[in-house]
file start-v4.txt (compact mmCIF, C-alpha atoms)
# COMPACT_ATOMS: atom_id res chain seq x y z
CA MET T 1 41.32 97.62 69.85
CA LEU T 2 41.32 94.64 72.23
CA MET T 3 42.98 92.46 69.59
CA TRP T 4 45.64 95.12 69.05
CA LEU T 5 46.33 95.41 72.79
CA GLY T 6 46.48 91.64 73.05
CA TYR T 7 48.97 91.49 70.20
CA ILE T 8 51.15 94.13 71.88
CA ASN T 9 51.08 92.29 75.23
CA VAL T 10 51.98 88.97 73.63
CA THR T 11 54.81 90.62 71.69
CA LEU T 12 56.18 92.23 74.84
CA ALA T 13 55.95 88.93 76.72
CA VAL T 14 57.83 87.08 73.99
CA PHE T 15 60.45 89.85 73.78
CA ASN T 16 60.94 89.80 77.54
CA MET T 17 61.62 86.06 77.48
CA ILE T 18 64.53 86.45 75.06
CA PRO T 19 67.55 84.86 76.82
CA GLY T 20 69.33 88.19 77.09
CA PHE T 21 70.34 89.31 80.55
CA PRO T 22 68.83 91.44 82.21
CA LEU T 23 65.54 90.53 80.52
CA ASP T 24 63.39 87.95 82.31
CA GLY T 25 64.53 85.29 79.84
CA GLY T 26 68.15 86.08 80.71
CA ARG T 27 67.38 85.88 84.42
CA VAL T 28 65.75 82.48 83.91
CA LEU T 29 68.83 81.33 81.99
CA ARG T 30 71.07 82.62 84.79
CA ALA T 31 69.01 80.77 87.39
CA VAL T 32 69.18 77.51 85.42
CA VAL T 33 72.96 77.76 84.92
CA TRP T 34 73.37 78.68 88.59
CA TRP T 35 71.34 75.61 89.58
CA ILE T 36 73.44 73.36 87.33
CA THR T 37 76.88 74.76 88.19
CA GLY T 38 76.32 76.07 91.70
CA ASP T 39 78.43 79.09 90.75
CA ALA T 40 76.56 82.41 90.76
CA LYS T 41 79.41 84.36 89.17
CA ARG T 42 79.79 81.90 86.31
CA ALA T 43 76.03 81.84 85.78
CA THR T 44 75.94 85.62 85.55
CA THR T 45 78.83 85.66 83.07
CA ILE T 46 77.22 83.03 80.84
CA ALA T 47 73.81 84.72 80.90
CA ALA T 48 75.39 88.10 80.12
CA ARG T 49 77.42 86.71 77.22
CA VAL T 50 74.36 85.01 75.75
CA GLY T 51 72.53 88.31 76.09
CA GLN T 52 75.33 90.11 74.28
CA LEU T 53 75.27 87.56 71.45
CA VAL T 54 71.54 88.03 71.11
CA ALA T 55 72.03 91.80 71.10
CA PHE T 56 74.70 91.60 68.36
CA GLY T 57 72.29 89.41 66.40
CA PHE T 58 69.61 92.09 66.62
CA ILE T 59 72.06 94.78 65.52
CA VAL T 60 73.28 92.79 62.51
CA LEU T 61 69.71 91.85 61.54
CA GLY T 62 68.61 95.46 61.84
CA VAL T 63 71.46 96.71 59.66
CA PHE T 64 70.75 94.11 56.97
CA ARG T 65 67.03 94.91 57.01
CA PHE T 66 67.76 98.64 56.78
CA PHE T 67 69.95 98.24 53.69
CA GLY T 68 67.47 95.68 52.37
CA GLY T 69 64.77 98.31 52.16
CA ALA T 70 63.05 97.93 55.54
CA GLY T 71 63.91 101.53 56.35
CA PHE T 72 63.06 102.69 59.87
CA GLY T 73 61.95 99.18 60.87
CA GLY T 74 65.50 97.92 60.40
CA LEU T 75 66.97 100.77 62.39
CA TRP T 76 64.46 100.07 65.16
CA ILE T 77 65.62 96.44 65.41
CA ALA T 78 69.25 97.60 65.51
CA PHE T 79 68.37 100.09 68.24
CA ILE T 80 66.76 97.31 70.30
CA GLY T 81 69.96 95.30 69.92
CA TRP T 82 72.06 98.25 71.05
CA PHE T 83 69.78 98.72 74.07
CA LEU T 84 70.06 95.03 75.01
CA LEU T 85 73.85 95.16 74.62
CA SER T 86 74.19 98.19 76.89
CA ALA T 87 71.77 96.81 79.47
CA SER T 88 73.55 93.45 79.51
CA ARG T 89 76.97 94.99 80.08
CA GLU T 90 75.71 97.32 82.79
CA SER T 91 73.85 94.53 84.58
CA GLN T 92 76.90 92.27 84.42
CA ALA T 93 79.03 95.02 85.92
CA GLN T 94 76.50 95.69 88.68
CA VAL T 95 76.24 92.02 89.61
CA ALA T 96 80.03 91.69 89.59
CA ILE T 97 80.35 94.69 91.91
CA THR T 98 77.67 93.34 94.25
CA GLU T 99 79.34 89.94 94.41
CA GLY T 100 82.77 91.53 94.86
CA LEU T 101 81.50 93.49 97.86
CA GLU T 102 79.71 90.58 99.48
CA GLY T 103 80.58 90.41 103.17
CA VAL T 104 82.33 93.80 103.18
CA ARG T 105 81.18 96.18 105.92
CA VAL T 106 81.30 99.96 106.01
CA ALA T 107 83.92 99.77 108.79
CA ASP T 108 86.24 97.89 106.41
CA VAL T 109 86.52 100.73 103.90
CA MET T 110 85.53 103.93 105.71
CA SER T 111 88.06 106.63 106.50
CA ARG T 112 88.55 107.47 110.18
CA ASP T 113 90.88 110.33 109.26
CA TYR T 114 88.26 112.62 107.76
CA PRO T 115 88.93 116.29 106.82
CA THR T 116 87.60 118.85 109.28
CA VAL T 117 87.04 122.59 109.36
CA ASP T 118 86.44 124.89 112.31
CA GLY T 119 82.83 125.98 112.45
CA TYR T 120 83.86 129.53 113.40
CA SER T 121 85.75 130.00 110.11
CA ASN T 122 84.03 132.23 107.57
CA LEU T 123 83.02 130.88 104.19
CA GLN T 124 85.55 133.01 102.30
CA THR T 125 88.45 131.51 104.24
CA PHE T 126 87.00 128.02 104.01
CA VAL T 127 86.60 128.18 100.23
CA GLU T 128 90.07 129.63 99.62
CA GLU T 129 92.05 127.51 102.07
CA HIS T 130 90.16 124.22 101.97
CA LEU T 131 87.87 123.68 98.98
CA VAL T 132 89.91 125.35 96.24
CA ARG T 133 93.30 124.26 97.56
CA THR T 134 92.52 120.59 98.26
CA GLY T 135 89.71 119.85 95.80
CA ARG T 136 87.81 117.95 98.49
CA ARG T 137 84.07 118.41 98.49
CA CYS T 138 82.98 117.29 101.94
CA PHE T 139 84.23 118.42 105.35
CA VAL T 140 83.19 117.62 108.89
CA VAL T 141 82.49 120.81 110.83
CA THR T 142 83.86 120.94 114.36
CA VAL T 143 82.89 123.36 117.11
CA ASN T 144 85.30 123.48 120.05
CA GLY T 145 86.89 120.31 118.69
CA HIS T 146 83.63 118.32 118.57
CA PRO T 147 82.02 117.19 115.29
CA GLU T 148 78.76 119.07 114.83
CA GLY T 149 77.89 118.86 111.14
CA MET T 150 78.99 118.56 107.52
CA ILE T 151 79.46 121.06 104.74
CA THR T 152 79.78 120.69 100.96
CA PRO T 153 79.80 123.16 98.06
CA ASN T 154 76.01 122.75 97.85
CA GLU T 155 75.50 124.65 101.11
CA ILE T 156 77.94 127.39 100.12
CA THR T 157 76.36 128.13 96.74
CA GLU T 158 73.12 129.03 98.52
CA VAL T 159 74.86 132.01 100.16
CA PRO T 160 75.53 135.16 98.06
CA ARG T 161 79.27 135.56 97.47
CA ALA T 162 79.20 139.04 99.04
CA ARG T 163 78.10 137.44 102.32
CA TRP T 164 80.89 134.84 102.47
CA PRO T 165 83.27 136.93 104.65
CA TYR T 166 80.47 137.53 107.17
CA THR T 167 78.99 134.02 107.28
CA THR T 168 80.53 131.22 109.32
CA VAL T 169 80.74 127.60 108.30
CA ALA T 170 78.55 126.69 111.28
CA ASP T 171 75.83 129.02 110.00
CA VAL T 172 75.26 127.00 106.83
CA MET T 173 76.42 123.47 107.76
CA ARG T 174 74.05 120.54 107.95
CA PRO T 175 73.88 119.35 111.58
CA LEU T 176 74.86 115.72 112.02
CA ASP T 177 71.43 114.82 113.39
CA GLN T 178 69.94 115.97 110.06
CA VAL T 179 72.41 114.08 107.88
CA ARG T 180 71.77 110.55 106.66
CA THR T 181 74.21 108.23 108.41
CA VAL T 182 75.10 104.53 108.35
CA GLY T 183 76.60 102.29 111.00
CA PRO T 184 80.02 100.60 110.87
CA ASP T 185 78.38 97.17 110.50
CA THR T 186 76.20 98.24 107.56
CA PRO T 187 76.98 96.29 104.37
CA VAL T 188 78.84 98.41 101.85
CA THR T 189 76.28 97.52 99.17
CA GLU T 190 73.55 99.04 101.34
CA ALA T 191 75.60 102.22 101.84
CA LEU T 192 76.08 102.50 98.08
CA GLU T 193 72.32 102.15 97.56
CA VAL T 194 71.73 104.99 100.02
CA MET T 195 74.26 107.22 98.25
CA ALA T 196 72.73 106.46 94.86
CA ARG T 197 69.16 106.97 96.06
CA GLU T 198 69.89 110.30 97.76
CA ASP T 199 72.51 111.45 95.21
CA LEU T 200 75.36 111.62 97.74
CA ASN T 201 79.08 111.07 97.26
CA GLN T 202 79.81 110.32 100.90
CA LEU T 203 78.06 109.31 104.11
CA PRO T 204 78.97 109.89 107.75
CA VAL T 205 79.44 106.71 109.77
CA ALA T 206 78.01 106.99 113.27
CA THR T 207 77.99 104.68 116.26
CA ASP T 208 76.30 105.39 119.59
CA GLY T 209 75.59 108.91 118.41
CA GLN T 210 79.27 109.63 117.75
CA LEU T 211 80.96 110.20 114.40
CA ALA T 212 83.22 107.22 113.68
CA GLY T 213 84.30 108.09 110.15
CA VAL T 214 83.18 108.83 106.60
CA ILE T 215 82.60 106.48 103.68
CA SER T 216 82.60 107.68 100.08
CA ARG T 217 82.20 106.16 96.66
CA ALA T 218 85.92 106.73 96.13
CA HIS T 219 86.71 104.42 99.05
CA VAL T 220 84.63 101.63 97.50
CA LEU T 221 86.18 102.19 94.06
CA GLN T 222 89.67 101.93 95.56
CA LEU T 223 88.75 98.60 97.17
CA LEU T 224 87.35 97.23 93.91
CA GLN T 225 90.40 98.43 91.97
CA THR T 226 92.79 96.78 94.44
CA ARG T 227 90.87 93.51 94.30
CA ALA T 228 90.81 93.60 90.51
CA GLU T 229 94.57 94.14 90.37
CA LEU T 230 95.15 91.22 92.74
CA HIS T 231 92.47 89.06 91.04
CA VAL T 232 90.72 88.37 94.35
call {"tool": "encode", "arguments": {"input": "start-v4.txt", "output": "structure tokens"}}
result
Amino acid sequence: MLMWLGYINVTLAVFNMIPGFPLDGGRVLRAVVWWITGDAKRATTIAARVGQLVAFGFIVLGVFRFFGGAGFGGLWIAFIGWFLLSASRESQAQVAITEGLEGVRVADVMSRDYPTVDGYSNLQTFVEEHLVRTGRRCFVVTVNGHPEGMITPNEITEVPRARWPYTTVADVMRPLDQVRTVGPDTPVTEALEVMAREDLNQLPVATDGQLAGVISRAHVLQLLQTRAELHV
């Protein structure tokens, strides 16, 4: 049993050192190229391409072994190659996004003109005149003209439809002091991590206890698309 476990650990260690990004071997290759060239973006590109070549090699080898009589073993090698290929492409895209957003703050991309809804409106009116008509999924709730909370379809679906005409938006909103917020000087990459970790599409931006705006994934995507079109 110990020999078998040792064999498995050695195999995993050798596999992990394959120069295919994002495996450890690929990260070592990226670090070496980065040290030689001084260019992080170029190092990432080279490491990712090497990883993709290795992945294609696994896929081709697996296919040949499958038709050569190796059966499931060949398909398993091809599957490993496919996994490495997908992981390499995703990691390259993530690194490119992170580098593209370096130095960008939440204040640079957030929207200060956020959609609002009166907290005294009932849910039936809100759904018909705001959600269905505009397609937007997040609104800032105001009471007497002051931002008090946020509402999304998630809060509405918890209320029986028969109660919508008799329930106000303020009754089901999430108060701002209970909503995860970020500051205007927060790096955009950090805001994206928060949205991904808490499964959110947008975040309120607050400063000195006051709502300054809203940042969403769409805002970040628009920035990346514009930069890609301008090659900057």
call {"tool": "axis_aligned_box", "arguments": {"input": "start-v4.txt", "around": "range 59-63 of chain T", "padding_each_side": "4 Å", "output": "AutoDock Vina command-line options"}}
result
--center_x 70.9 --center_y 94.3 --center_z 62.6 --size_x 12.7 --size_y 12.9 --size_z 13.9
call {"tool": "closest_residue", "arguments": {"input": "start-v4.txt", "among": "T:Arg65, T:Arg227, T:Arg136, T:His219", "to": "Ala107 in chain T", "atoms": "all atoms listed in the file"}}
result
T:His219
call {"tool": "atom_distance", "arguments": {"input": "start-v4.txt", "atom1": "CA of Gly81 in chain T", "atom2": "CA of Glu99 in chain T"}}
result
26.8 Å
call {"tool": "closest_residue", "arguments": {"input": "start-v4.txt", "among": "T:Thr37, T:Gln52, T:Thr181, T:Ser111", "to": "Ala218 in chain T", "atoms": "only C-alpha atoms"}}
result
T:Ser111
call {"tool": "closest_residue", "arguments": {"input": "start-v4.txt", "among": "T:Met195, T:Glu229, T:Val220, T:Gly119", "to": "Arg174 in chain T", "atoms": "all atoms listed in the file"}}
result
T:Gly119
call {"tool": "closest_residue", "arguments": {"input": "start-v4.txt", "among": "T:Val104, T:Leu75, T:Ile46, T:Leu200", "to": "Phe58 in chain T", "atoms": "all atoms listed in the file"}}
result
T:Leu75
call {"tool": "closest_residue", "arguments": {"input": "start-v4.txt", "among": "T:Thr186, T:Thr168, T:Thr157, T:Thr134", "to": "Gly103 in chain T", "atoms": "only C-alpha atoms"}}
result
T:Thr186
call {"tool": "atom_distance", "arguments": {"input": "start-v4.txt", "atom1": "CA of Arg133 in chain T", "atom2": "CA of Gly145 in chain T"}}
result
22.4 Å
call {"tool": "atom_distance", "arguments": {"input": "start-v4.txt", "atom1": "CA of Asn122 in chain T", "atom2": "CA of Leu203 in chain T"}}
result
23.9 Å
call {"tool": "residues_around", "arguments": {"input": "start-v4.txt", "residues": "Gly74 in chain T", "least_positions_apart": "5", "cutoff": "12 Å", "atoms": "all atoms listed in the file", "output": "ChimeraX atom specification"}}
result
/T:58-69,79-81
call {"tool": "closest_residue", "arguments": {"input": "start-v4.txt", "among": "T:Leu223, T:Val32, T:Leu53, T:Val182", "to": "Val106 in chain T", "atoms": "only C-alpha atoms"}}
result
T:Val182
call {"tool": "residues_around", "arguments": {"input": "start-v4.txt", "residues": "Gly149 in chain T", "least_positions_apart": "5", "cutoff": "6 Å", "atoms": "only C-alpha atoms", "output": "PyMOL selection string"}}
result
chain T and resi 140-141+173-176
call {"tool": "residues_near_point", "arguments": {"input": "start-v4.txt", "point": "(89.6, 121.3, 101.9)", "cutoff": "12 Å", "atoms": "only C-alpha atoms", "output": "list in words"}}
result
Tyr114, Pro115, Thr116, Val117, Asp118, Leu123, Thr125, Phe126, Val127, Glu128, Glu129, His130, Leu131, Val132, Arg133, Thr134, Gly135, Arg136, Arg137, Cys138, Phe139, Val140, Val141, Ile151, Thr152 and Pro153 of chain T
call {"tool": "residues_around", "arguments": {"input": "start-v4.txt", "residues": "Val172 in chain T", "least_positions_apart": "2", "cutoff": "9 Å", "atoms": "only C-alpha atoms", "output": "ChimeraX atom specification"}}
result
/T:151,155-156,158-159,167-170,174
call {"tool": "residues_around", "arguments": {"input": "start-v4.txt", "residues": "Ile97 in chain T", "least_positions_apart": "4", "cutoff": "10 Å", "atoms": "all atoms listed in the file", "output": "ChimeraX atom specification"}}
result
/T:91-93,101-102,189,220-221,224
